[in-house]
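Colleague: Handing you this structure, nothing more for now.
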Amino acid sequence: MEETSDHPNPTTSTPGTTPELDPKTMRSSKPGLKRLLITTTVLFSFLSGLPFLWKSVEIYRSQLPFHDIDSLSDQIKSTPLRFPCTFHAVFIGFGSNDPDQLRSEIQDGVNQLTGGSSQCGSCNVSISVTVQSPDELCSETFPSTCSYRCGVIKRDSFGGGLDDEVDESLDDVFGGCSGGIGKMYSVVVVNKEKGNGGGDEVKAVVGKRRHAWIVGSGLEERYGEVVGRVSEVFVNVFMNGGREEGDSIRGEFMPVGSDGRLVLSFSLLNSNPRDWIYDWDFQRIDEGLLAPVTKALAPIADISVESQVLYHTPKSSFSSWDEKLQSYIFRTSDLPFFVNSNEWHLDTSAGASGRSKILQFVVYIPSGKECPLHLQLPNGEISKTNGFISPMWGSVIVWNPRNCDKDSESPSRNMISPQDLEQIVEVFLGQFRQLFGFKSEAIYTSELGSYKILPSERGFTEWELDVLSRKHTCFNLHSCATTLGSLSRLVQSLPRMIIKDEIGEQVKYSLKAAKLAQSNASLGGYSSSASSSREARSLAENAFFHPSIMSVSYFSYEHCFAVYSPFFLPVAGHVVLAALREWKRYKQEKAKYLTWLTRKKTA
Amino acid sequence: MARTVLTWWIPLLILQSFLLAIAFGSNEVEEEFSESLLLKPLPDRKVLAHFHFENRAPPSNSHGRHHHLFPKAISQLVQKFRVKEMELSFTQGRWNHEHWGGFDSLSSMNAKPVGVELWAVFDVPHSQVDTSWKNLTHALSGLFCASINFLESSTSYAAPTWGFGRSADKLRYGSLPREAVCTENLTPWLKLLPCRDKDGISALMNRPSVYRGFYHSQRLHLSMVDSGEEGLGSGMLLEQSLTVVLQPDTVYDGKDLQPSWSLSSLFGRKVVGKCVLAKSSNVYLQMEGLAHQALWKNEEFELSTQPDRILRENSSFLYIFNIDKSSDSEPFDLGLTWKLPSKWSCQQAPLHASRFLMGSGNERGAIAILLKATESQDKLSGRDLTNGGRCTIRANVFQIFPWYVKVYYHTLQIFVDQQQNTSGEVLKKINVSPSTDKMSSGMMEMMLELPCEVKSAAISIEYDKGFLHIDEYPPDANQGFDIPSALISFPDHHASLDFKEELSTLPLLSKFKDKSLVRSYTEVLLVPLTTPDFSMPYNVITITCTVFALYFGSLLNALRRRIGEEERFLKSKAGKKTGGLKQLLSRFTAKIRGRPAESPSSESTAAAQSSVLSSKLLFKIILVAGVAATWQYFSTDK
């Protein structure tokens, strides 16, 4: 390598005219570029290699539609989901009322009751009114949503038979009403002629389908009250399911697993089989009584039923003998300790895979030492059902054998009699309704009066199922949006996490299903929106709990740094410093050369 | 959060119509449960206790959904994974074939290999058998609090064809020799019993006394019983057994008597009544090798309780006790008191099998299985005399090799009476499925036909030790790797207790009456493999990177070196010699600044130089500190 930039001495090429050359500040030759070129080439190749390195350590991340997720959760938060509902009021035997006026009054009542708030899963109300005068002439609001044939309901003969028959006949009357979009609910108000006996009493019944009727005499005079009651039936019963406003179950208390499945696990606990053994024929109960319920709830949850009999399962709280009641007593304050999780091996079911929800229904048969075992309510009375629920876990019923005398020698296996089983199942259904947030009473009372609610043999009436569908859709969409939101936050906060294509697809499909549920809801498809919202939620949960997300060791920055820094840090130091120095030196030498040139010029 | 219910809601009109339907007295067969305990003094002063529980579910379509006695969890498992037959055993300790017997139903069914053994037959299409197996291992792992899920990987199980003694083409077999067995496995096992350990015979299972024993093996065997009817599911039979070998606490009295014991001295508990759910509940005492008449009080020994029935078998007596009568006030506590020294021996399998490793080093070795003739051999009956009049003993050997033990099957050697046997006389049949690296384990099934007068037979096979990937080592890699037990079974020999009486009401005895294949498991082998230094990858990275960096740096330095300039610099420095200290300083600064500093011509320049130097040095230090701080900031902020 021949040195070119620095000549040892000033050259002798131009001896005469050369000015004096100071080797410290000047030089006579041009500074060379060779070393600078070499170092900069190395530096540049180094820099150009960086993108390749970056590419090679890059991890696979499927693109998640972050924007769509955000817009979905914004949308769900800002505009609560509402379903179209059609309310149809039929006034029979009202002579002088104008339907349009009635409609606006009912509308006012409805608005007042809803309080203008638009809860998620509530109704987008449209109201129509038909008035049938005593001489069977009808006037309707326009547009008429339903083809109520004038004069079908007779003023005098209405409500003669059993309530169930009335309900059936009303279903025939309104059978032709598909009601456009959404579900159609109707209230029939019958103004009876006075003097038929019965006095002033007003009877209000809510049927099993989507009909209610109010029968009384002299209603025309008190029509303001009647209108109030009609709007109350619409809002409090048909729209909110007869629940108190503050009492309404929140989303977390929807006892359905995130994959849309629900397992009802029934256990019969013989706390001490040495005293007596009871068994049950649950299969018949399942086939006969529970199958209609599970079928009715099919759009909301995929329900399966299991049963088992367990032995040697004492409760873990104590009970005390009450002389007055002649029985052993446990109080409501004991309830948190009643369930003995050590000895009650109720077991999670292998049938409940993944994230299904299991509701435990337990029938507890006390041992001989605590035989008539009763639950005392805080007011000192004995509970009629002798049972309690624990939200999201299930319920317990204490069932006492008929007589508490121990079987003499060896206990034989008794069967619980069908009558007792029937009672137990009734209580179960009541508790099941409570777990879903409904009341177990058949009466709904408000300030304006009470309503009899006809129970359905399927456990849930049609309008209750509608309420459930609405709430459930809303809850599912909400949960789906929350889950996807958490997922997107998580993914964005961990830039080195591997995200598989499956997760991306699940998120995509979940969003698609959520969109579908929303559009179905706005079209009034209750069960279709419930099922697609279920799908959306389950897909979102699947994406969030995907095993690859759970893995702890992803290729972190720390790891990357630890692997590459032993090579790249020292080398980068060399290369960058060398390039810098050469550049500096080149500038310095060039300045020297320039001063030499100027000196030469001036000379 | 519990709320009381005030249910006035009495709807359900339809109920009435079902009331009639819910009729009783349905003549279906019910689920049945029975319990029994077999006690047996062993010749080596120990006592064997064998608990046996049987749970039967009749054919039904509601299996997995509605159960009364049969455990729902097991039933759901069967329904979900379509299991046809399954056996799971948890064992600690080794069965002593010489002293505890090798030719009876008890040992052939309950002498199990150490750790966990699982085999299952499925009722699914061939393509789904492996998936079902994997899912089953996971479910069982959760059910029994054990790491059975390690059997999921295809390197840990095999599909035996005929060597296992049970020919089924949808059979999978796997074992985990290193699984530690303790109470956390027993408790879920007990949960499957209707009385758990609250009542009945199972109440004897006092954990400290059970786990103090020399051997304990808990077993769960599930089989489907075909109903034969169309449209009806099959019935299920679940057998659970716990076999323990205990040492009674005795003081040595110098008379060489067998130790006397009672249930309370063995277990620390007494039986205070049967499990009320059991259909039959019996305790059996089996006395072997007694010459005396079957009295429960004789000059040799005395029982504390009078047996309800005495059965005589070929060489043993069976005392049957019914524990129905026992109660809290009158507990059942069977005791055995020896009065005279007594000696007897157990019936033994035709050949005693043991297995060991040969060779040394971390590279290769050999596995040998040694079959030794036992003393009781000539008393045996099950010989095959059809083979041209020659008397032969047939033995099947079934062995699984993990893939990292790379077996060379051509090195298989068979020695009969220490003579190498190369002809096909001895080895009648062999089936080998070689292992694939990290994919599947190897399996070897052999059928040997040995002459009856054989003294010993040995099989040896050589192997190379494989290298594992660094991720594949278990946490304690230096301990070594276990090779699962080999199974030696004797297809011509069947063990059974030969009773004359009809015993269908006693499930345990009727089971013993059935013929069972004589089989024995060998020891587990521990193979040490080369274990790497687990910090090696980072060491390698660091050292290679350092070498590369050094090379790169010096190359770059060499490229931009100016030799002429440096020489001039040195010459000029030699010209003006300055103080030693100053020179040293200038050299040092030159080194730090990385380029030849101009030689200090005067004091002033040197001072200027040093001030420049110190400011630059300071700047560099600050720069490095700043880089470190920002790095720290960015790395911890995440």
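Residues are referred to by chain and number: the chain letter is A, B, ... according to the order shown in the structure tokens, the number counts from 1 in that chain, and ligands are numbered separately from 1 in the order shown.
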May I have the residues within 8 Å of Tyr593 (chain A) as a ChimeraX atom specification, using only C-alpha atoms and disregarding those fewer than 2 positions away in the same chain?

Modeller: /A:26-31,589-591,595-597

Colleague: If you run DSSP on the backbone, which residues of region 164-275 of chain B are helix (DSSP H, G or I), as an MDAnalysis selection string?

Modeller: chainID B and resid 183:191 201:204 207:211 263:267

Colleague: Using only C-alpha atoms, can you tell me which of B:Phe481, B:Phe103, B:Phe81, B:Tyr521 comes closest to chain A?

Modeller: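 Residue with the minimum atom-to-atom distance to chain A: B:Phe81.
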
Colleague: Closest to chain A among B:His97, B:His494, B:Arg568, B:Arg390, using only C-alpha atoms?

Modeller: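 When distances to chain A are compared using only C-alpha atoms, the smallest one comes from B:Arg568.
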
Colleague: I want to know what sits within 9 Å of region 417-430 of chain B, based on only C-alpha atoms, with residues of the same chain fewer than 3 positions away left out; could you give that as an MDAnalysis selection string?

Modeller: chainID B and resid 413:414 444:451 454:458

Colleague: Restricted to N, CA, C and O atoms, what would the selected residues look like written as a tab-separated table (two decimals), in the first residue's frame?

Modeller:
```
chain	number	residue	atom	x	y	z
B	413	GLN	N	-29.24	-61.20	19.65
B	413	GLN	CA	-28.64	-62.51	19.88
B	413	GLN	C	-29.44	-63.23	20.94
B	413	GLN	O	-29.90	-62.62	21.91
B	414	ILE	N	-29.59	-64.51	20.73
B	414	ILE	CA	-30.33	-65.30	21.72
B	414	ILE	C	-29.41	-66.40	22.23
B	414	ILE	O	-28.78	-67.12	21.45
B	444	MET	N	-40.70	-53.96	19.73
B	444	MET	CA	-40.23	-55.28	19.36
B	444	MET	C	-41.12	-56.32	20.03
B	444	MET	O	-41.36	-56.25	21.23
B	445	GLU	N	-41.63	-57.23	19.24
B	445	GLU	CA	-42.42	-58.33	19.79
B	445	GLU	C	-41.75	-59.62	19.34
B	445	GLU	O	-41.46	-59.78	18.16
B	446	MET	N	-41.52	-60.50	20.27
B	446	MET	CA	-40.87	-61.76	19.92
B	446	MET	C	-41.63	-62.91	20.54
B	446	MET	O	-42.16	-62.79	21.64
B	447	MET	N	-41.65	-64.00	19.83
B	447	MET	CA	-42.19	-65.21	20.45
B	447	MET	C	-41.06	-66.23	20.51
B	447	MET	O	-40.49	-66.60	19.49
B	448	LEU	N	-40.74	-66.66	21.72
B	448	LEU	CA	-39.67	-67.63	21.91
B	448	LEU	C	-40.30	-68.97	22.26
B	448	LEU	O	-41.31	-69.04	22.95
B	449	GLU	N	-39.65	-70.01	21.78
B	449	GLU	CA	-40.09	-71.35	22.18
B	449	GLU	C	-38.88	-72.06	22.77
B	449	GLU	O	-37.95	-72.39	22.04
B	450	LEU	N	-38.89	-72.21	24.06
B	450	LEU	CA	-37.72	-72.74	24.73
B	450	LEU	C	-38.01	-74.16	25.18
B	450	LEU	O	-39.14	-74.49	25.54
B	451	PRO	N	-36.99	-74.99	25.16
B	451	PRO	CA	-37.20	-76.34	25.68
B	451	PRO	C	-37.47	-76.30	27.18
B	451	PRO	O	-37.00	-75.41	27.87
B	454	VAL	N	-34.72	-76.00	29.89
B	454	VAL	CA	-33.81	-74.86	29.78
B	454	VAL	C	-33.51	-74.33	31.18
B	454	VAL	O	-34.36	-74.31	32.07
B	455	LYS	N	-32.24	-73.96	31.38
B	455	LYS	CA	-31.85	-73.38	32.66
B	455	LYS	C	-31.94	-71.85	32.59
B	455	LYS	O	-32.41	-71.20	33.49
B	456	SER	N	-31.44	-71.33	31.47
B	456	SER	CA	-31.52	-69.88	31.32
B	456	SER	C	-31.53	-69.53	29.85
B	456	SER	O	-30.99	-70.27	29.03
B	457	ALA	N	-32.14	-68.44	29.56
B	457	ALA	CA	-32.14	-67.95	28.19
B	457	ALA	C	-31.89	-66.45	28.26
B	457	ALA	O	-32.37	-65.79	29.18
B	458	ALA	N	-31.11	-65.95	27.32
B	458	ALA	CA	-30.80	-64.52	27.35
B	458	ALA	C	-30.97	-63.95	25.96
B	458	ALA	O	-30.68	-64.59	24.96
```

Colleague: Applying 6 Å and only C-alpha atoms, which residues near Met86 (chain B) remain after dropping the ones on its own chain fewer than 3 positions away? List them as a ChimeraX atom specification.

Modeller: /B:119-120,221-222

Colleague: Deliver the residues from the most recent selection as a file, using C-alpha atoms, as an mmCIF file, in the first residue's frame.

Modeller:
```cif
data_model
loop_
_atom_site.group_PDB
_atom_site.id
_atom_site.type_symbol
_atom_site.label_atom_id
_atom_site.label_comp_id
_atom_site.auth_asym_id
_atom_site.auth_seq_id
_atom_site.Cartn_x
_atom_site.Cartn_y
_atom_site.Cartn_z
ATOM 1 C CA TRP B 119 -53.509 -49.167 27.420
ATOM 2 C CA ALA B 120 -56.771 -48.662 25.654
ATOM 3 C CA HIS B 221 -59.874 -51.433 34.363
ATOM 4 C CA LEU B 222 -62.807 -50.505 32.216
#
```

Colleague: So that I can check the surroundings of region 294-304 of chain A, please list as a list of chain:residue names every protein, DNA and RNA residue that reaches within 8 Å of it, counting only C-alpha atoms and ignoring chain neighbours fewer than 4 positions away.

Modeller: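 Result of the neighbour search: A:Val256, A:Gly260, A:Arg261, A:Leu262, A:Val263, A:Leu264, A:Leu290, A:Arg458, A:Phe460, A:Leu465, A:Leu468, A:Ser469, A:His472, A:Ser527, A:Ser528, A:Ala530, A:Ser531, A:Arg534.
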
Colleague: I'd like to know which of B:Asn110, B:Ser554, B:Thr436, B:Gln128 is closest to chain A, using only C-alpha atoms.

Modeller: B:Ser554

Colleague: Between A:Gln588, A:Ser412, A:Asn340, A:Thr141, which has the minimum distance to Asp100 (chain A) (counting only C-alpha atoms)?

Modeller: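 For Asp100 (chain A), the nearest of the candidates is A:Thr141.
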
Colleague: Within 10 Å of Thr505 (chain B), counting only C-alpha atoms, which residues qualify if same-chain residues fewer than 4 places away don't, as a PyMOL selection string?

Modeller: chain B and resi 34+279-280+509-510

Colleague: Please provide as a PDB file with all heavy atoms, in the first residue's frame all residues within 9 Å of Ala353 (chain B), with the sequence filter that same-chain residues fewer than 4 positions apart are discarded (counting only C-alpha atoms).

Modeller:
```pdb
ATOM      1  N   ILE B 369     -32.045 -59.222  28.199  1.00  0.00           N
ATOM      2  CA  ILE B 369     -33.157 -59.755  28.985  1.00  0.00           C
ATOM      3  C   ILE B 369     -32.791 -61.188  29.328  1.00  0.00           C
ATOM      4  O   ILE B 369     -32.451 -61.983  28.440  1.00  0.00           O
ATOM      5  CB  ILE B 369     -34.476 -59.716  28.192  1.00  0.00           C
ATOM      6  CG1 ILE B 369     -34.850 -58.276  27.883  1.00  0.00           C
ATOM      7  CG2 ILE B 369     -35.591 -60.392  28.978  1.00  0.00           C
ATOM      8  CD1 ILE B 369     -36.046 -58.137  27.004  1.00  0.00           C
ATOM      9  N   LEU B 370     -32.822 -61.476  30.597  1.00  0.00           N
ATOM     10  CA  LEU B 370     -32.412 -62.800  31.044  1.00  0.00           C
ATOM     11  C   LEU B 370     -33.625 -63.531  31.594  1.00  0.00           C
ATOM     12  O   LEU B 370     -34.340 -63.019  32.451  1.00  0.00           O
ATOM     13  CB  LEU B 370     -31.349 -62.645  32.133  1.00  0.00           C
ATOM     14  CG  LEU B 370     -30.773 -63.924  32.703  1.00  0.00           C
ATOM     15  CD1 LEU B 370     -29.976 -64.657  31.643  1.00  0.00           C
ATOM     16  CD2 LEU B 370     -29.910 -63.625  33.905  1.00  0.00           C
ATOM     17  N   LEU B 371     -33.861 -64.713  31.054  1.00  0.00           N
ATOM     18  CA  LEU B 371     -34.962 -65.542  31.543  1.00  0.00           C
ATOM     19  C   LEU B 371     -34.345 -66.728  32.255  1.00  0.00           C
ATOM     20  O   LEU B 371     -33.581 -67.488  31.662  1.00  0.00           O
ATOM     21  CB  LEU B 371     -35.837 -66.017  30.376  1.00  0.00           C
ATOM     22  CG  LEU B 371     -36.448 -64.919  29.525  1.00  0.00           C
ATOM     23  CD1 LEU B 371     -37.029 -65.515  28.254  1.00  0.00           C
ATOM     24  CD2 LEU B 371     -37.530 -64.204  30.291  1.00  0.00           C
ATOM     25  N   LYS B 372     -34.692 -66.870  33.524  1.00  0.00           N
ATOM     26  CA  LYS B 372     -34.098 -67.952  34.306  1.00  0.00           C
ATOM     27  C   LYS B 372     -35.183 -68.919  34.702  1.00  0.00           C
ATOM     28  O   LYS B 372     -36.284 -68.511  35.077  1.00  0.00           O
ATOM     29  CB  LYS B 372     -33.484 -67.366  35.577  1.00  0.00           C
ATOM     30  CG  LYS B 372     -32.002 -67.162  35.503  1.00  0.00           C
ATOM     31  CD  LYS B 372     -31.520 -66.968  36.922  1.00  0.00           C
ATOM     32  CE  LYS B 372     -30.162 -66.327  36.968  1.00  0.00           C
ATOM     33  NZ  LYS B 372     -30.008 -65.609  38.217  1.00  0.00           N
ATOM     34  N   ALA B 373     -34.840 -70.172  34.652  1.00  0.00           N
ATOM     35  CA  ALA B 373     -35.827 -71.171  35.064  1.00  0.00           C
ATOM     36  C   ALA B 373     -36.042 -71.067  36.566  1.00  0.00           C
ATOM     37  O   ALA B 373     -35.110 -70.819  37.324  1.00  0.00           O
ATOM     38  CB  ALA B 373     -35.328 -72.556  34.695  1.00  0.00           C
ATOM     39  N   ILE B 488     -43.087 -59.821  29.662  1.00  0.00           N
ATOM     40  CA  ILE B 488     -42.895 -61.219  29.280  1.00  0.00           C
ATOM     41  C   ILE B 488     -44.197 -61.936  29.609  1.00  0.00           C
ATOM     42  O   ILE B 488     -44.646 -61.911  30.759  1.00  0.00           O
ATOM     43  CB  ILE B 488     -41.764 -61.877  30.095  1.00  0.00           C
ATOM     44  CG1 ILE B 488     -40.572 -60.944  30.256  1.00  0.00           C
ATOM     45  CG2 ILE B 488     -41.376 -63.209  29.520  1.00  0.00           C
ATOM     46  CD1 ILE B 488     -39.771 -60.716  29.039  1.00  0.00           C
ATOM     47  N   SER B 520     -45.253 -61.199  33.353  1.00  0.00           N
ATOM     48  CA  SER B 520     -44.453 -60.484  34.337  1.00  0.00           C
ATOM     49  C   SER B 520     -43.709 -59.354  33.652  1.00  0.00           C
ATOM     50  O   SER B 520     -43.337 -59.450  32.491  1.00  0.00           O
ATOM     51  CB  SER B 520     -43.485 -61.429  35.040  1.00  0.00           C
ATOM     52  OG  SER B 520     -42.518 -61.867  34.132  1.00  0.00           O
ATOM     53  N   TYR B 521     -43.540 -58.297  34.389  1.00  0.00           N
ATOM     54  CA  TYR B 521     -42.845 -57.128  33.861  1.00  0.00           C
ATOM     55  C   TYR B 521     -41.416 -57.113  34.376  1.00  0.00           C
ATOM     56  O   TYR B 521     -41.150 -57.527  35.511  1.00  0.00           O
ATOM     57  CB  TYR B 521     -43.540 -55.845  34.315  1.00  0.00           C
ATOM     58  CG  TYR B 521     -44.841 -55.585  33.623  1.00  0.00           C
ATOM     59  CD1 TYR B 521     -46.034 -56.073  34.137  1.00  0.00           C
ATOM     60  CD2 TYR B 521     -44.874 -54.852  32.445  1.00  0.00           C
ATOM     61  CE1 TYR B 521     -47.224 -55.838  33.499  1.00  0.00           C
ATOM     62  CE2 TYR B 521     -46.072 -54.610  31.804  1.00  0.00           C
ATOM     63  CZ  TYR B 521     -47.252 -55.104  32.337  1.00  0.00           C
ATOM     64  OH  TYR B 521     -48.437 -54.860  31.698  1.00  0.00           O
ATOM     65  N   THR B 522     -40.514 -56.634  33.551  1.00  0.00           N
ATOM     66  CA  THR B 522     -39.121 -56.534  33.993  1.00  0.00           C
ATOM     67  C   THR B 522     -38.883 -55.179  34.647  1.00  0.00           C
ATOM     68  O   THR B 522     -39.772 -54.345  34.717  1.00  0.00           O
ATOM     69  CB  THR B 522     -38.166 -56.677  32.806  1.00  0.00           C
ATOM     70  OG1 THR B 522     -38.408 -55.582  31.937  1.00  0.00           O
ATOM     71  CG2 THR B 522     -38.389 -57.968  32.077  1.00  0.00           C
ATOM     72  N   GLU B 523     -37.653 -54.995  35.071  1.00  0.00           N
ATOM     73  CA  GLU B 523     -37.273 -53.732  35.693  1.00  0.00           C
ATOM     74  C   GLU B 523     -37.282 -52.609  34.651  1.00  0.00           C
ATOM     75  O   GLU B 523     -37.185 -52.844  33.453  1.00  0.00           O
ATOM     76  CB  GLU B 523     -35.851 -53.799  36.267  1.00  0.00           C
ATOM     77  CG  GLU B 523     -35.614 -54.835  37.310  1.00  0.00           C
ATOM     78  CD  GLU B 523     -35.161 -56.154  36.721  1.00  0.00           C
ATOM     79  OE1 GLU B 523     -35.398 -56.392  35.518  1.00  0.00           O
ATOM     80  OE2 GLU B 523     -34.578 -56.955  37.457  1.00  0.00           O
TER      81      GLU B 523
END
```

Colleague: Tell me which of A:Gly95, A:Gly524, A:Pro401, A:Pro411 sits closest to Lys274 (chain B), counting only C-alpha atoms.

Modeller: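 Ranking A:Gly95, A:Gly524, A:Pro401, A:Pro411 by distance to Lys274 (chain B), first place goes to A:Pro411.
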
Colleague: Quick one, how far is CA of Glu201 (chain A) from CA of Gly218 (chain A)?

Modeller: 9.6 Å

Colleague: CA of Arg562 (chain B) to CA of Phe619 (chain B): how many Å, to one decimal?

Modeller: 26.9 Å

Colleague: Choose the residue, out of B:Pro532, B:Pro188, B:Pro350, B:Gly228, that has the smallest atom-to-atom separation from chain A; count only C-alpha atoms.

Modeller: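 Distance minimum relative to chain A lands on B:Pro188.
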
Colleague: DSSP on the backbone: what in region 312-508 of chain A comes out strand (DSSP E), as number ranges by chain?

Modeller: A: 320-322, 327-331, 357-365, 373-376, 387-390, 394-398, 413-415, 443-446, 449-453
